[in-house]
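Structure file query_24.cif with mmCIF, C-alpha atoms:
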data_entry
loop_
_atom_site.label_atom_id
_atom_site.label_comp_id
_atom_site.auth_asym_id
_atom_site.auth_seq_id
_atom_site.Cartn_x
_atom_site.Cartn_y
_atom_site.Cartn_z
CA MET H 132 -81.33 295.02 54.57
CA ARG H 133 -83.93 292.41 55.43
CA SER H 134 -83.38 288.84 54.38
CA LYS H 135 -85.93 286.96 52.31
CA GLU H 136 -86.53 284.69 55.29
CA GLY H 137 -87.33 287.72 57.40
CA ASP H 138 -89.68 289.04 54.77
CA ASP H 139 -91.52 285.70 54.66
CA THR H 140 -91.91 285.70 58.43
CA GLU H 141 -93.29 289.21 58.37
CA SER H 142 -95.65 288.36 55.47
CA LEU H 143 -97.06 285.46 57.44
CA SER H 144 -98.35 287.92 60.02
CA LEU H 145 -100.99 288.76 57.42
CA PRO H 146 -103.54 286.11 56.41
CA VAL H 147 -102.75 284.65 52.98
CA ASP H 148 -106.28 285.49 51.82
CA LEU H 149 -105.68 289.14 52.66
CA ILE H 150 -102.34 289.12 50.82
CA ILE H 151 -104.04 287.67 47.74
CA GLU H 152 -106.81 290.25 47.97
CA ILE H 153 -104.23 293.05 48.06
CA LEU H 154 -102.22 291.62 45.17
CA THR H 155 -105.27 291.26 42.89
CA LYS H 156 -105.75 295.03 43.07
CA LEU H 157 -102.25 295.77 41.74
CA PRO H 158 -101.29 296.12 38.06
CA PRO H 159 -99.29 293.20 36.60
CA ARG H 160 -96.07 295.19 36.19
CA SER H 161 -96.11 295.99 39.91
CA LEU H 162 -96.53 292.28 40.65
CA SER H 163 -93.40 291.51 38.64
CA ARG H 164 -91.40 293.67 41.04
CA LEU H 165 -93.00 292.20 44.17
CA ILE H 166 -91.96 288.62 43.42
CA CYS H 167 -88.44 289.57 44.51
CA LEU H 168 -89.57 290.53 48.00
CA SER H 169 -90.32 287.08 49.42
CA LYS H 170 -90.68 283.44 48.53
CA LEU H 171 -94.26 283.51 49.78
CA TRP H 172 -95.26 286.31 47.45
CA LEU H 173 -93.41 284.60 44.61
CA SER H 174 -95.35 281.37 45.12
CA ILE H 175 -98.66 283.23 45.38
CA ILE H 176 -98.17 285.38 42.27
CA HIS H 177 -96.94 282.45 40.16
CA GLY H 178 -99.67 280.13 41.45
CA LYS H 179 -102.59 278.98 39.29
CA TYR H 180 -105.20 280.00 41.89
CA PHE H 181 -103.98 283.61 41.91
CA ASN H 182 -103.70 283.80 38.11
CA ASP H 183 -107.23 282.43 37.65
CA LEU H 184 -108.65 284.81 40.27
CA TYR H 185 -106.85 287.79 38.74
CA LEU H 186 -108.10 286.95 35.23
CA THR H 187 -111.65 286.45 36.50
CA ARG H 188 -111.69 289.91 38.05
CA SER H 189 -109.86 291.47 35.12
CA SER H 190 -112.44 290.08 32.70
CA THR H 191 -115.06 292.31 34.33
CA ARG H 192 -113.17 295.37 33.08
CA PRO H 193 -111.90 294.42 29.59
CA ARG H 194 -109.85 296.88 27.59
CA LEU H 195 -109.15 297.56 23.95
CA LEU H 196 -105.79 296.56 22.47
CA LEU H 197 -104.29 298.76 19.75
CA HIS H 198 -101.85 297.15 17.32
CA ARG H 199 -99.57 299.51 15.39
CA TYR H 200 -97.19 298.13 12.76
CA CYS H 201 -94.07 300.00 11.59
CA HIS H 202 -93.07 298.96 8.07
CA ASP H 203 -89.60 300.51 8.33
CA THR H 204 -88.52 298.51 11.38
CA ARG H 205 -90.87 295.54 10.72
CA ARG H 206 -91.90 295.63 14.36
CA SER H 207 -95.28 295.82 16.02
CA HIS H 208 -96.32 297.95 18.99
CA TYR H 209 -99.20 296.89 21.22
CA SER H 210 -100.90 299.23 23.68
CA SER H 211 -103.90 298.63 25.92
CA LEU H 212 -106.52 301.34 26.08
CA SER H 213 -108.38 301.97 29.31
CA GLY H 214 -111.92 302.95 28.45
CA GLY H 215 -110.65 304.03 25.05
CA LEU H 216 -109.35 307.25 26.57
CA SER H 217 -105.67 306.68 27.28
CA LEU H 218 -102.85 304.36 26.28
CA GLY H 219 -101.81 301.94 29.00
CA ASP H 220 -99.24 299.14 29.14
CA SER H 221 -97.38 298.49 25.90
CA ILE H 222 -94.97 296.00 24.38
CA THR H 223 -92.92 295.96 21.16
CA LEU H 224 -92.48 292.69 19.26
CA PRO H 225 -91.10 291.61 15.88
CA GLY H 226 -93.41 290.73 13.00
CA CYS H 227 -96.70 292.04 11.72
CA GLN H 228 -99.36 289.31 11.80
CA ILE H 229 -101.13 289.05 15.15
CA SER H 230 -103.83 286.80 16.52
CA PRO H 231 -106.48 288.41 18.72
CA PRO H 232 -105.58 288.42 22.43
CA VAL H 233 -106.51 285.36 24.50
CA HIS H 234 -106.73 285.84 28.29
CA GLY H 235 -104.39 288.81 28.01
CA LEU H 236 -101.75 287.05 25.87
CA ILE H 237 -101.01 287.80 22.21
CA CYS H 238 -99.30 285.79 19.48
CA CYS H 239 -97.58 287.25 16.44
CA VAL H 240 -95.33 285.96 13.66
CA ASP H 241 -92.24 287.36 11.96
CA HIS H 242 -92.13 285.73 8.52
CA ASP H 243 -88.62 287.02 7.75
CA SER H 244 -86.98 285.20 10.66
CA SER H 245 -89.50 282.32 10.91
CA ILE H 246 -90.28 282.93 14.56
CA VAL H 247 -93.53 283.07 16.48
CA VAL H 248 -93.68 285.28 19.57
CA ILE H 249 -96.00 284.98 22.57
CA GLY H 250 -96.28 288.22 24.52
CA ASN H 251 -98.03 289.68 27.54
CA PRO H 252 -98.58 293.44 27.10
CA SER H 253 -99.53 293.75 30.78
CA THR H 254 -96.14 292.55 32.06
CA GLY H 255 -94.04 293.52 29.03
CA GLN H 256 -92.69 289.97 28.78
CA PHE H 257 -92.49 287.73 25.72
CA LEU H 258 -90.99 284.43 24.63
CA THR H 259 -89.91 283.28 21.19
CA LEU H 260 -90.93 280.03 19.52
CA THR H 261 -88.35 279.08 16.90
CA ASP H 262 -88.48 276.75 13.88
CA ALA H 263 -91.88 278.08 12.84
CA ILE H 264 -92.17 277.87 9.05
CA THR H 265 -95.58 279.44 8.71
CA ASP H 266 -97.79 281.71 6.67
CA ILE H 267 -100.67 282.08 9.11
CA ILE H 268 -101.01 281.50 12.85
CA PHE H 269 -103.92 281.11 15.23
CA PHE H 270 -103.80 281.24 19.01
CA GLY H 271 -106.22 279.83 21.53
CA TYR H 272 -106.91 278.40 24.97
CA ASP H 273 -108.19 274.93 25.88
CA PRO H 274 -110.19 275.42 29.11
CA VAL H 275 -110.60 271.69 29.77
CA ASN H 276 -106.88 270.95 29.94
CA ASP H 277 -105.84 274.51 30.89
CA LEU H 278 -103.47 274.81 27.94
CA TYR H 279 -102.61 277.49 25.39
CA LYS H 280 -101.93 276.32 21.84
CA VAL H 281 -100.58 277.83 18.63
CA LEU H 282 -101.84 276.56 15.26
CA SER H 283 -99.48 277.18 12.34
CA MET H 284 -100.41 276.76 8.67
CA TYR H 285 -98.01 276.81 5.70
CA PHE H 286 -99.26 277.08 2.11
CA VAL H 287 -97.52 276.59 -1.26
CA HIS H 288 -98.44 277.18 -4.89
CA ASP H 289 -99.37 274.09 -6.88
CA ILE H 290 -98.27 273.55 -10.49
CA ASP H 291 -101.59 274.95 -11.72
CA GLY H 292 -101.10 278.10 -9.65
CA SER H 293 -103.59 277.22 -6.93
CA VAL H 294 -102.68 277.62 -3.25
CA VAL H 295 -102.62 274.39 -1.24
CA LEU H 296 -101.92 273.59 2.39
CA GLU H 297 -98.44 272.12 2.72
CA LYS H 298 -98.32 271.64 6.48
CA SER H 299 -100.32 272.37 9.61
CA GLN H 300 -98.64 272.22 13.01
CA VAL H 301 -99.56 272.72 16.65
CA LEU H 302 -97.41 273.74 19.59
CA THR H 303 -98.68 273.36 23.14
CA LEU H 304 -97.45 275.87 25.71
CA GLY H 305 -96.75 274.12 28.98
CA GLY H 306 -97.62 270.71 27.56
CA ALA H 307 -95.69 267.46 27.37
CA GLN H 308 -94.73 267.98 23.72
CA GLU H 309 -91.34 269.56 23.17
CA SER H 310 -91.78 270.94 19.64
CA TRP H 311 -94.15 271.64 16.79
CA ARG H 312 -96.32 268.63 15.94
CA VAL H 313 -97.65 268.04 12.44
CA ILE H 314 -101.40 267.37 12.41
CA GLU H 315 -103.84 266.44 9.67
CA CYS H 316 -106.16 269.18 8.46
CA LYS H 317 -109.42 267.71 7.22
CA TYR H 318 -110.40 271.02 5.64
CA PRO H 319 -107.22 272.55 4.15
CA TYR H 320 -108.96 275.80 3.17
CA TYR H 321 -107.09 279.06 2.88
CA PRO H 322 -107.87 281.37 5.86
CA GLY H 323 -109.58 284.62 4.92
CA THR H 324 -110.07 286.21 8.34
CA GLN H 325 -108.46 286.40 11.75
CA GLY H 326 -109.16 283.59 14.21
CA ILE H 327 -111.45 284.00 17.21
CA CYS H 328 -111.08 281.66 20.20
CA TYR H 329 -114.45 280.84 21.77
CA ASN H 330 -115.16 278.02 24.26
CA GLY H 331 -112.00 276.12 23.39
CA VAL H 332 -112.44 276.37 19.62
CA VAL H 333 -110.63 278.70 17.22
CA TYR H 334 -112.94 279.83 14.41
CA TYR H 335 -111.73 281.47 11.20
CA GLY H 336 -113.29 282.34 7.87
CA ALA H 337 -111.77 280.60 4.85
CA TRP H 338 -112.05 279.90 1.14
CA SER H 339 -112.29 276.38 -0.28
CA ASN H 340 -109.71 277.59 -2.82
CA LEU H 341 -108.58 280.90 -4.25
CA THR H 342 -110.20 280.23 -7.63
CA ASP H 343 -113.92 280.01 -6.91
CA ARG H 344 -113.51 281.42 -3.37
CA ARG H 345 -116.39 279.48 -1.84
CA SER H 346 -116.62 280.96 1.66
CA VAL H 347 -116.86 278.82 4.80
CA VAL H 348 -116.01 279.02 8.50
CA VAL H 349 -113.57 276.49 9.89
CA GLY H 350 -113.44 275.49 13.56
CA PHE H 351 -110.33 274.05 15.20
CA ASP H 352 -111.05 272.25 18.48
CA LEU H 353 -108.07 272.93 20.75
CA ARG H 354 -108.73 269.86 22.90
CA SER H 355 -109.16 267.19 20.21
CA GLU H 356 -107.06 269.09 17.64
CA GLU H 357 -109.65 268.30 14.98
CA PHE H 358 -111.13 270.57 12.32
CA SER H 359 -114.82 271.08 11.55
CA LEU H 360 -116.66 272.96 8.83
CA ILE H 361 -119.49 275.46 9.23
CA THR H 362 -121.39 276.58 6.15
CA LEU H 363 -122.32 280.23 5.67
CA PRO H 364 -125.73 281.46 4.52
CA GLU H 365 -126.21 281.58 0.77
CA ASP H 366 -124.70 284.67 -0.90
CA VAL H 367 -122.67 285.55 2.23
CA GLN H 368 -119.05 285.88 1.19
CA ILE H 369 -115.66 286.51 2.73
CA ILE H 370 -114.29 289.27 0.52
CA SER H 371 -110.64 289.51 1.57
CA ARG H 372 -108.46 289.43 4.68
CA PHE H 373 -108.59 293.24 4.75
CA GLU H 374 -112.34 293.59 4.17
CA SER H 375 -113.76 290.64 6.18
CA ASP H 376 -113.40 289.55 9.78
CA LEU H 377 -114.80 287.35 12.49
CA VAL H 378 -115.68 289.36 15.61
CA ARG H 379 -117.52 288.89 18.89
CA TYR H 380 -121.10 290.07 18.97
CA ASN H 381 -122.85 289.87 22.36
CA GLY H 382 -121.04 286.68 23.34
CA LYS H 383 -121.27 284.98 19.95
CA ILE H 384 -119.18 284.73 16.79
CA ALA H 385 -120.13 287.00 13.89
CA LEU H 386 -118.90 287.64 10.36
CA VAL H 387 -118.79 291.27 9.25
CA ASN H 388 -117.45 292.93 6.11
CA VAL H 389 -116.13 296.43 5.60
CA SER H 390 -118.87 298.81 4.46
CA LEU H 391 -118.51 302.04 2.53
CA THR H 392 -122.19 302.94 3.03
CA ARG H 393 -122.20 303.18 6.89
CA LYS H 394 -124.53 300.15 7.01
CA PHE H 395 -122.99 297.01 8.49
CA ASP H 396 -124.50 293.53 8.23
CA LEU H 397 -123.37 291.19 10.98
CA TRP H 398 -124.02 287.49 10.41
CA VAL H 399 -124.14 285.98 13.90
CA LEU H 400 -123.55 282.25 14.44
CA MET H 401 -126.49 281.23 16.64
CA ASP H 402 -126.04 277.42 16.58
CA VAL H 403 -122.69 275.82 15.73
CA LYS H 404 -124.03 272.29 15.24
CA LYS H 405 -127.00 273.31 13.08
CA HIS H 406 -125.03 276.00 11.20
CA GLU H 407 -127.73 278.55 11.97
CA TRP H 408 -126.97 282.23 11.37
CA SER H 409 -128.93 285.41 12.07
CA LYS H 410 -128.48 288.73 10.35
CA TYR H 411 -128.23 291.97 12.32
CA SER H 412 -127.87 295.28 10.53
CA VAL H 413 -126.66 298.50 12.06
CA VAL H 414 -125.99 301.97 10.63
CA ALA H 415 -122.88 303.61 12.05
CA PRO H 416 -123.59 307.24 13.09
CA THR H 417 -120.66 308.74 11.19
CA CYS H 418 -119.77 310.06 7.77
CA ASP H 419 -116.23 308.66 7.90
CA PHE H 420 -115.18 305.16 6.89
CA PHE H 421 -114.99 302.78 9.82
CA ARG H 422 -114.51 299.05 10.38
CA CYS H 423 -116.69 297.14 12.87
CA ARG H 424 -114.66 295.34 15.57
CA GLY H 425 -117.55 293.75 17.50
CA THR H 426 -119.16 294.47 20.86
CA ILE H 427 -117.75 295.04 24.34
CA GLU H 428 -119.24 294.10 27.72
CA THR H 429 -121.49 297.18 27.76
CA GLY H 430 -123.20 296.02 24.56
CA GLU H 431 -121.64 298.89 22.63
CA LEU H 432 -120.38 298.24 19.11
CA ILE H 433 -116.79 299.31 18.50
CA PHE H 434 -115.75 300.85 15.18
CA GLU H 435 -112.17 301.71 14.23
CA GLN H 436 -111.25 304.28 11.62
CA LEU H 437 -110.47 302.67 8.29
CA TYR H 438 -108.27 305.45 6.94
CA PHE H 439 -106.41 307.79 9.25
CA GLY H 440 -104.07 310.76 9.09
CA ASP H 441 -102.72 312.61 12.09
CA GLN H 442 -105.15 310.94 14.46
CA PHE H 443 -106.83 307.58 14.86
CA SER H 444 -110.48 307.51 15.86
CA ILE H 445 -112.56 304.93 17.75
CA LEU H 446 -116.35 305.03 17.75
CA TYR H 447 -118.48 303.55 20.54
CA TYR H 448 -122.11 303.02 19.52
CA ASP H 449 -124.99 301.78 21.69
CA PRO H 450 -127.65 300.51 19.25
CA LYS H 451 -130.31 300.14 21.98
CA GLN H 452 -130.11 303.78 23.04
CA ASP H 453 -128.90 305.00 19.65
CA LYS H 454 -126.08 306.92 21.30
CA ALA H 455 -122.49 307.25 20.11
CA ARG H 456 -119.25 308.64 21.44
CA ARG H 457 -116.03 309.16 19.55
CA VAL H 458 -112.49 309.02 20.92
CA ASP H 459 -109.60 310.50 18.92
CA LEU H 460 -106.07 309.27 19.57
CA GLU H 461 -103.19 311.45 18.44
CA ARG H 462 -100.20 309.88 16.73
CA SER H 463 -97.97 311.08 19.61
CA GLY H 464 -94.88 311.23 17.41
CA ASP H 465 -95.57 307.80 15.91
CA THR H 466 -95.23 308.91 12.29
CA THR H 467 -93.86 305.61 10.97
CA SER H 468 -96.89 303.42 11.67
CA SER H 469 -98.11 301.96 8.38
CA GLY H 470 -101.06 300.06 9.81
CA ARG H 471 -103.27 299.86 12.87
CA LYS H 472 -105.81 297.37 14.13
CA LEU H 473 -108.01 297.37 17.19
CA PHE H 474 -108.97 294.35 19.29
CA VAL H 475 -111.74 294.17 21.88
CA ASP H 476 -112.02 292.12 25.09
CA HIS H 477 -108.35 292.42 26.02
CA VAL H 478 -107.74 291.83 29.74
CA GLU H 479 -104.83 292.42 32.07
CA SER H 480 -102.99 289.19 32.85
CA PRO H 481 -100.42 288.59 35.62
CA MET H 482 -99.01 285.54 33.81
CA PHE H 483 -95.24 285.45 33.53
CA LEU H 484 -93.60 283.87 30.52
CA PRO H 485 -90.23 282.37 31.46
CA ARG H 486 -88.64 280.12 28.86
CA LYS H 487 -89.47 277.07 30.96
CA PHE H 488 -93.10 277.87 30.13
CA ILE H 489 -92.50 275.58 27.15
CA HIS H 490 -91.65 272.10 28.37
#
When written as structure tokens, how does the structure in this file appear?
Amino acid sequence: MRSKEGDDTESLSLPVDLIIEILTKLPPRSLSRLICLSKLWLSIIHGKYFNDLYLTRSSTRPRLLLHRYCHDTRRSHYSSLSGGLSLGDSITLPGCQISPPVHGLICCVDHDSSIVVIGNPSTGQFLTLTDAITDIIFFGYDPVNDLYKVLSMYFVHDIDGSVVLEKSQVLTLGGAQESWRVIECKYPYYPGTQGICYNGVVYYGAWSNLTDRRSVVVGFDLRSEEFSLITLPEDVQIISRFESDLVRYNGKIALVNVSLTRKFDLWVLMDVKKHEWSKYSVVAPTCDFFRCRGTIETGELIFEQLYFGDQFSILYYDPKQDKARRVDLERSGDTTSSGRKLFVDHVESPMFLPRKFIH
């Protein structure tokens, strides 16, 4: 049996650049086994340069991420889909609420046990963040400081029955802070959509309160940890957390509501500072009920089936060429799933999540 020292000596016979080039072509779960072979490979795979290079190349071939929630076990199953044709790497985590993937990482919350979980479906690893009293979470990446952050919001009922923000907290992964930090929320509006991380800002649709339900979009700057408010066009409303969502549309943020008429109106945020929106309408080429999940790198719009039985369908639609293709996924024995949700722009990440990831 070779020693690690011997393996390192033998590895050095290959140029480091060539080793890195070889490693970037391997799937993340294979990399997790290779770190045991030598100290050199361990340092390369865990290094920032390699992780950034891997993510850059992985971003050129983004995947879909399918979230399936089992009500009986109160656990969520996440599977990546390669080209929408086959299920790839998967991971099972507690809880049901999930934030959209950020650089290949996902964040979900288990309200029963008050824990937040960060997971990497590509490696199958996850870590648990305890002491998280939260109703809603958002997850994002600060590219300036190279930090991932979790925003937690906890709401209570006031004496008049209205819902008010009790506490907002932030936890920095890999930062100097050791625990959740309470921050001031300038716009304590109740979130009505998922959060989308874009250029270091997490955007989410919200209501000023649950009585008049005035709809707005809130931005949380991950670097400054400050909130901003973006007004929506007149008569544009966030209906509910089930019927409204923020999605990516050709590199921008867009608000889209569920449609029962096949016609979808996407309100695209063209200028954040000026609060300028543009309306794009598209008619889905299907008679079934679908939900719009945004666009992928090909420019195709992705639709997920709103109601499903023995199979779950995904529709790819190219509005420029007016061409569509449909992919049907069988349940594959998964008869206990009580909910599914599809996310676009998921990428494979080689990042490992040891507990020391949180300092």
Next on the checklist: For the provided coordinates, the residues matched by the PyMOL selection byres ((chain H and resi 362) around 9) should be stated as a VMD selection string.
Outcome noted: chain H and resid 346 to 349 360 to 361 363 to 365 406 to 407
Checklist entry - For this file, the PyMOL selection byres ((chain H and resi 334) around 9) selects which residues, as a ChimeraX atom specification? => result /H:325-329,332-333,335-336,348-352,377,384
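Of the listed residues H:Leu391, H:Ile151, H:Ser210, H:Pro319, the one whose atoms come nearest to Gly178 (chain H) is H:Ile151, with distances taken using all atoms listed in the file.
The residues returned by the PyMOL selection byres ((chain H and resi 373) around 9) on the shown structure are Gly323, Thr324, Ile370, Ser371, Arg372, Glu374, Ser375, Asp376, Asn388 and Val389 of chain H.
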Since we have the selection now, will you write its residues out, keeping C-alpha atoms, as a short mmCIF file (atom, residue, chain, number, x, y, z; two decimals), in the coordinates of the input?
data_model
loop_
_atom_site.label_atom_id
_atom_site.label_comp_id
_atom_site.auth_asym_id
_atom_site.auth_seq_id
_atom_site.Cartn_x
_atom_site.Cartn_y
_atom_site.Cartn_z
CA GLY H 323 -109.58 284.62 4.92
CA THR H 324 -110.07 286.21 8.34
CA ILE H 370 -114.29 289.27 0.52
CA SER H 371 -110.64 289.51 1.57
CA ARG H 372 -108.46 289.43 4.68
CA GLU H 374 -112.34 293.59 4.17
CA SER H 375 -113.76 290.64 6.18
CA ASP H 376 -113.40 289.55 9.78
CA ASN H 388 -117.45 292.93 6.11
CA VAL H 389 -116.13 296.43 5.60
#
Find the nearest atom pair between each residue of region 158-185 of chain H and region 473-478 of chain H for residues within 12 Å, count only C-alpha atoms, give distances in Å to one decimal, sort rows by chain and ascending number, and present the table as a tab-separated table.
residue	atom	partner	partner_atom	distance
H:Pro158	CA	H:Val478	CA	11.4
H:Pro159	CA	H:Val478	CA	11.0
H:Tyr185	CA	H:Val478	CA	9.9
Checklist entry - CA of Met482 (chain H) to CA of Tyr279 (chain H): how many Å, to one decimal? => result 12.2 Å
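Across the structure, CA of Glu431 (chain H) and CA of Val367 (chain H) are spaced 24.4 Å apart.
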Next on the checklist: With 12 Å as the threshold, what does the neighbourhood of (-106.9, 271.3, 31.7) contain in terms of residues, counting all atoms listed in the file? Coordinates are those of the file; answer as a PyMOL selection string.
Outcome noted: chain H and resi 179+272-279+305-306+331+353-354
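Considering the residues H:Gln442, H:Gly430, H:Leu212, H:Cys201 and counting only C-alpha atoms, Gln228 (chain H) has its shortest atom-to-atom contact with H:Cys201.
The environment of region 230-242 of chain H within 6 Å, counting all atoms listed in the file and disregarding residues fewer than 4 places along the same chain, consists of H:Pro225, H:Gly226, H:Ile246, H:Val247, H:Val248, H:Ile249, H:Gly250, H:Asn251, H:Phe269, H:His477, H:Val478, H:Glu479, H:Ser480.
Each of H:Ser355, H:Gln256, H:Asn330, H:Asn381 was compared to Val403 (chain H) using only C-alpha atoms, and H:Asn330 turns out to be the nearest.
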Item to check | Closest of H:Thr392, H:Thr187, H:Ser163, H:Gln368 to Val414 (chain H) - atom-to-atom distances counting only C-alpha atoms | outcome: H:Thr392
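Between CA of Glu356 (chain H) and CA of Leu258 (chain H) lies a distance of 23.3 Å.
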Put a box with edges along x, y and z around all the listed atoms of region 352-361 of chain H, pad it by 4 Å on each side, then give me its centre and sizes in Å, one decimal, as lines of an AutoDock Vina configuration file.
center_x = -113.3
center_y = 271.3
center_z = 15.9
size_x = 20.4
size_y = 16.3
size_z = 22.1
Since the input has fewer atoms than a full residue there, write region 351-364 of chain H out with N, CA and C atoms, as an mmCIF file, keeping the file's coordinate frame.
data_model
loop_
_atom_site.group_PDB
_atom_site.id
_atom_site.type_symbol
_atom_site.label_atom_id
_atom_site.label_comp_id
_atom_site.auth_asym_id
_atom_site.auth_seq_id
_atom_site.Cartn_x
_atom_site.Cartn_y
_atom_site.Cartn_z
ATOM 1 N N PHE H 351 -111.406 274.924 14.748
ATOM 2 C CA PHE H 351 -110.330 274.050 15.200
ATOM 3 C C PHE H 351 -110.487 273.827 16.695
ATOM 4 N N ASP H 352 -110.844 272.601 17.076
ATOM 5 C CA ASP H 352 -111.050 272.250 18.480
ATOM 6 C C ASP H 352 -109.687 272.086 19.148
ATOM 7 N N LEU H 353 -109.394 272.931 20.123
ATOM 8 C CA LEU H 353 -108.070 272.930 20.750
ATOM 9 C C LEU H 353 -107.846 271.706 21.623
ATOM 10 N N ARG H 354 -108.889 271.055 22.074
ATOM 11 C CA ARG H 354 -108.730 269.860 22.900
ATOM 12 C C ARG H 354 -108.463 268.627 22.049
ATOM 13 N N SER H 355 -109.314 268.381 21.061
ATOM 14 C CA SER H 355 -109.160 267.190 20.210
ATOM 15 C C SER H 355 -108.203 267.417 19.059
ATOM 16 N N GLU H 356 -107.906 268.696 18.762
ATOM 17 C CA GLU H 356 -107.060 269.090 17.640
ATOM 18 C C GLU H 356 -107.629 268.579 16.324
ATOM 19 N N GLU H 357 -108.954 268.681 16.199
ATOM 20 C CA GLU H 357 -109.650 268.300 14.980
ATOM 21 C C GLU H 357 -110.350 269.516 14.383
ATOM 22 N N PHE H 358 -110.498 269.475 13.048
ATOM 23 C CA PHE H 358 -111.130 270.570 12.320
ATOM 24 C C PHE H 358 -112.585 270.226 12.003
ATOM 25 N N SER H 359 -113.432 271.240 11.956
ATOM 26 C CA SER H 359 -114.820 271.080 11.550
ATOM 27 C C SER H 359 -115.180 272.206 10.588
ATOM 28 N N LEU H 360 -116.258 271.996 9.850
ATOM 29 C CA LEU H 360 -116.660 272.960 8.830
ATOM 30 C C LEU H 360 -118.044 273.493 9.133
ATOM 31 N N ILE H 361 -118.207 274.808 9.019
ATOM 32 C CA ILE H 361 -119.490 275.460 9.230
ATOM 33 C C ILE H 361 -119.846 276.227 7.960
ATOM 34 N N THR H 362 -120.985 275.911 7.373
ATOM 35 C CA THR H 362 -121.390 276.580 6.150
ATOM 36 C C THR H 362 -121.973 277.952 6.460
ATOM 37 N N LEU H 363 -121.767 278.878 5.547
ATOM 38 C CA LEU H 363 -122.320 280.230 5.670
ATOM 39 C C LEU H 363 -123.642 280.316 4.923
ATOM 40 N N PRO H 364 -124.478 281.277 5.271
ATOM 41 C CA PRO H 364 -125.730 281.460 4.520
ATOM 42 C C PRO H 364 -125.433 281.725 3.043
#
